[in-house]
Amino acid sequence: MDDDALYDPAFVRGLFNEMARTYGAVNLVSSFGFAARWRTQCLARLPVRPGWAVVDLMTGMGELCPELARRLGGAGTVRAVDLSPEMCRRARRQARRWPGRVEVIEGDALEADLPAGSADAVVSSFGLKTFSDRQLGRLVDQVARLLKPGGWFSFVEVSVPPARWVRRPYMFYVKRVIPLIGRAFLGNPDN
């Protein structure tokens, strides 16, 4: 599959709709539980205050939303945007248990029709990998457009370690072990 097809929003939507049922379990197993810790770290130094407006782009099942809603209190809002209808459905179902106001919006993060300068903070966990370099440039513009002057952003994503002694076992894990986990949990190692 070429890069244009791989990063096409319709392909990404279908991929995450297919993975939604077991996404949380696969994420937990494949990251050895670190994904939850990394999400916590994504928010740890963000000075979220009660009453803030936060946008969570590529929210998935809204994994950042419970902590954000707790920290924002009843006066704050979280707008959680995701391309996948199935991931949004699961996030909405979970949102009933979260304190505060969380609005789950089905839509493309690059095209989200949210007001300019409306966010005190923009966050995202593990969504950057779904974009090409050109799309990442558009995402930067979107984040800048959404943030209020002096606003904050915090994104977390996996990356390839630069040190060779770590990179080799990491790439073996990504190329050989992760597909086995995908086959076991998703029935499709390509996902």
# chains A, B, ... in the order shown; residues from 1 in each chain; ligands from 1

$ residues_around --residues "A:Gly107" --least-positions-apart "5" --cutoff "7 Å" --atoms "only C-alpha atoms" --output "PyMOL selection string"
chain A and resi 81-83+112

$ residues_around --residues "stretch 35-49 of chain A" --least-positions-apart "2" --cutoff "12 Å" --atoms "only C-alpha atoms" --output "PyMOL selection string"
chain A and resi 23-33+51-56+59+62-78+119-127+150-158

$ select_by_dssp --residues "stretch 39-143 of chain A" --states "helix (DSSP H, G or I)" --output "VMD selection string"
chain A and resid 39 to 44 65 to 72 85 to 95 128 to 130 133 to 143

$ residues_around --residues "A:Cys88" --least-positions-apart "5" --cutoff "12 Å" --atoms "only C-alpha atoms" --output "PyMOL selection string"
chain A and resi 13+16-17+20-21+57-63+79-83+93-95+102-108

$ write_last_selection --atoms "N, CA and C atoms" --output "PDB file, in the first residue's frame"
ATOM      1  N   ARG A  13     -10.182   5.658   9.003  1.00  0.00           N
ATOM      2  CA  ARG A  13     -11.504   5.482   9.628  1.00  0.00           C
ATOM      3  C   ARG A  13     -11.875   4.004   9.659  1.00  0.00           C
ATOM      4  N   PHE A  16      -9.652   1.959  12.183  1.00  0.00           N
ATOM      5  CA  PHE A  16      -9.997   2.116  13.594  1.00  0.00           C
ATOM      6  C   PHE A  16     -11.407   1.611  13.908  1.00  0.00           C
ATOM      7  N   ASN A  17     -12.314   1.664  12.944  1.00  0.00           N
ATOM      8  CA  ASN A  17     -13.619   1.038  13.160  1.00  0.00           C
ATOM      9  C   ASN A  17     -13.443  -0.462  13.365  1.00  0.00           C
ATOM     10  N   ALA A  20     -11.683  -1.171  16.888  1.00  0.00           N
ATOM     11  CA  ALA A  20     -12.275  -0.576  18.085  1.00  0.00           C
ATOM     12  C   ALA A  20     -12.608  -1.594  19.177  1.00  0.00           C
ATOM     13  N   ARG A  21     -13.122  -2.736  18.795  1.00  0.00           N
ATOM     14  CA  ARG A  21     -13.577  -3.710  19.790  1.00  0.00           C
ATOM     15  C   ARG A  21     -12.445  -4.152  20.726  1.00  0.00           C
ATOM     16  N   LEU A  57      -7.610  15.848  20.259  1.00  0.00           N
ATOM     17  CA  LEU A  57      -7.652  15.431  18.866  1.00  0.00           C
ATOM     18  C   LEU A  57      -7.244  13.965  18.740  1.00  0.00           C
ATOM     19  N   MET A  58      -7.860  13.263  17.800  1.00  0.00           N
ATOM     20  CA  MET A  58      -7.634  11.829  17.607  1.00  0.00           C
ATOM     21  C   MET A  58      -7.844  11.112  18.940  1.00  0.00           C
ATOM     22  N   THR A  59      -8.958  11.386  19.572  1.00  0.00           N
ATOM     23  CA  THR A  59      -9.223  10.919  20.931  1.00  0.00           C
ATOM     24  C   THR A  59      -9.334   9.411  21.064  1.00  0.00           C
ATOM     25  N   GLY A  60      -9.604   8.722  19.974  1.00  0.00           N
ATOM     26  CA  GLY A  60      -9.812   7.277  20.085  1.00  0.00           C
ATOM     27  C   GLY A  60     -11.028   7.010  20.946  1.00  0.00           C
ATOM     28  N   MET A  61     -10.840   6.232  21.985  1.00  0.00           N
ATOM     29  CA  MET A  61     -11.937   5.933  22.906  1.00  0.00           C
ATOM     30  C   MET A  61     -11.958   6.911  24.073  1.00  0.00           C
ATOM     31  N   GLY A  62     -11.263   8.031  23.916  1.00  0.00           N
ATOM     32  CA  GLY A  62     -11.289   9.066  24.939  1.00  0.00           C
ATOM     33  C   GLY A  62     -10.433   8.759  26.148  1.00  0.00           C
ATOM     34  N   GLU A  63      -9.318   8.104  25.937  1.00  0.00           N
ATOM     35  CA  GLU A  63      -8.487   7.672  27.060  1.00  0.00           C
ATOM     36  C   GLU A  63      -7.956   8.824  27.919  1.00  0.00           C
ATOM     37  N   ARG A  79     -13.603  18.801  24.386  1.00  0.00           N
ATOM     38  CA  ARG A  79     -14.145  18.426  23.078  1.00  0.00           C
ATOM     39  C   ARG A  79     -13.193  17.374  22.526  1.00  0.00           C
ATOM     40  N   ALA A  80     -13.702  16.159  22.409  1.00  0.00           N
ATOM     41  CA  ALA A  80     -12.912  15.017  21.962  1.00  0.00           C
ATOM     42  C   ALA A  80     -13.281  14.700  20.516  1.00  0.00           C
ATOM     43  N   VAL A  81     -12.317  14.803  19.615  1.00  0.00           N
ATOM     44  CA  VAL A  81     -12.561  14.643  18.178  1.00  0.00           C
ATOM     45  C   VAL A  81     -11.897  13.368  17.684  1.00  0.00           C
ATOM     46  N   ASP A  82     -12.659  12.562  16.937  1.00  0.00           N
ATOM     47  CA  ASP A  82     -12.077  11.369  16.323  1.00  0.00           C
ATOM     48  C   ASP A  82     -12.773  11.071  15.008  1.00  0.00           C
ATOM     49  N   LEU A  83     -12.036  10.489  14.089  1.00  0.00           N
ATOM     50  CA  LEU A  83     -12.499  10.176  12.745  1.00  0.00           C
ATOM     51  C   LEU A  83     -13.381   8.930  12.705  1.00  0.00           C
ATOM     52  N   ARG A  93     -20.052   6.239  25.166  1.00  0.00           N
ATOM     53  CA  ARG A  93     -20.553   5.313  26.185  1.00  0.00           C
ATOM     54  C   ARG A  93     -19.755   5.470  27.486  1.00  0.00           C
ATOM     55  N   GLN A  94     -18.438   5.640  27.366  1.00  0.00           N
ATOM     56  CA  GLN A  94     -17.597   5.828  28.547  1.00  0.00           C
ATOM     57  C   GLN A  94     -17.821   7.198  29.191  1.00  0.00           C
ATOM     58  N   ALA A  95     -18.133   8.199  28.361  1.00  0.00           N
ATOM     59  CA  ALA A  95     -18.247   9.582  28.841  1.00  0.00           C
ATOM     60  C   ALA A  95     -19.303   9.738  29.921  1.00  0.00           C
ATOM     61  N   VAL A 102     -17.994  16.517  28.693  1.00  0.00           N
ATOM     62  CA  VAL A 102     -17.191  15.964  27.611  1.00  0.00           C
ATOM     63  C   VAL A 102     -18.096  15.799  26.400  1.00  0.00           C
ATOM     64  N   GLU A 103     -17.717  16.433  25.299  1.00  0.00           N
ATOM     65  CA  GLU A 103     -18.447  16.310  24.040  1.00  0.00           C
ATOM     66  C   GLU A 103     -17.577  15.524  23.070  1.00  0.00           C
ATOM     67  N   VAL A 104     -18.083  14.388  22.603  1.00  0.00           N
ATOM     68  CA  VAL A 104     -17.362  13.572  21.633  1.00  0.00           C
ATOM     69  C   VAL A 104     -17.881  13.935  20.242  1.00  0.00           C
ATOM     70  N   ILE A 105     -16.963  14.345  19.385  1.00  0.00           N
ATOM     71  CA  ILE A 105     -17.302  14.843  18.050  1.00  0.00           C
ATOM     72  C   ILE A 105     -16.684  13.919  17.012  1.00  0.00           C
ATOM     73  N   GLU A 106     -17.517  13.350  16.156  1.00  0.00           N
ATOM     74  CA  GLU A 106     -17.009  12.539  15.060  1.00  0.00           C
ATOM     75  C   GLU A 106     -16.565  13.466  13.938  1.00  0.00           C
ATOM     76  N   GLY A 107     -15.282  13.398  13.610  1.00  0.00           N
ATOM     77  CA  GLY A 107     -14.780  14.258  12.550  1.00  0.00           C
ATOM     78  C   GLY A 107     -13.278  14.126  12.389  1.00  0.00           C
ATOM     79  N   ASP A 108     -12.789  14.664  11.315  1.00  0.00           N
ATOM     80  CA  ASP A 108     -11.373  14.663  10.977  1.00  0.00           C
ATOM     81  C   ASP A 108     -10.680  15.771  11.774  1.00  0.00           C
TER      82      ASP A 108
END

$ residues_around --residues "A:Gly117" --least-positions-apart "4" --cutoff "9 Å" --atoms "only C-alpha atoms" --output "ChimeraX atom specification"
/A:144-149,151

$ atom_distance --atom1 "atom CA of A:Gln135" --atom2 "atom CA of A:Val177"
28.6 Å
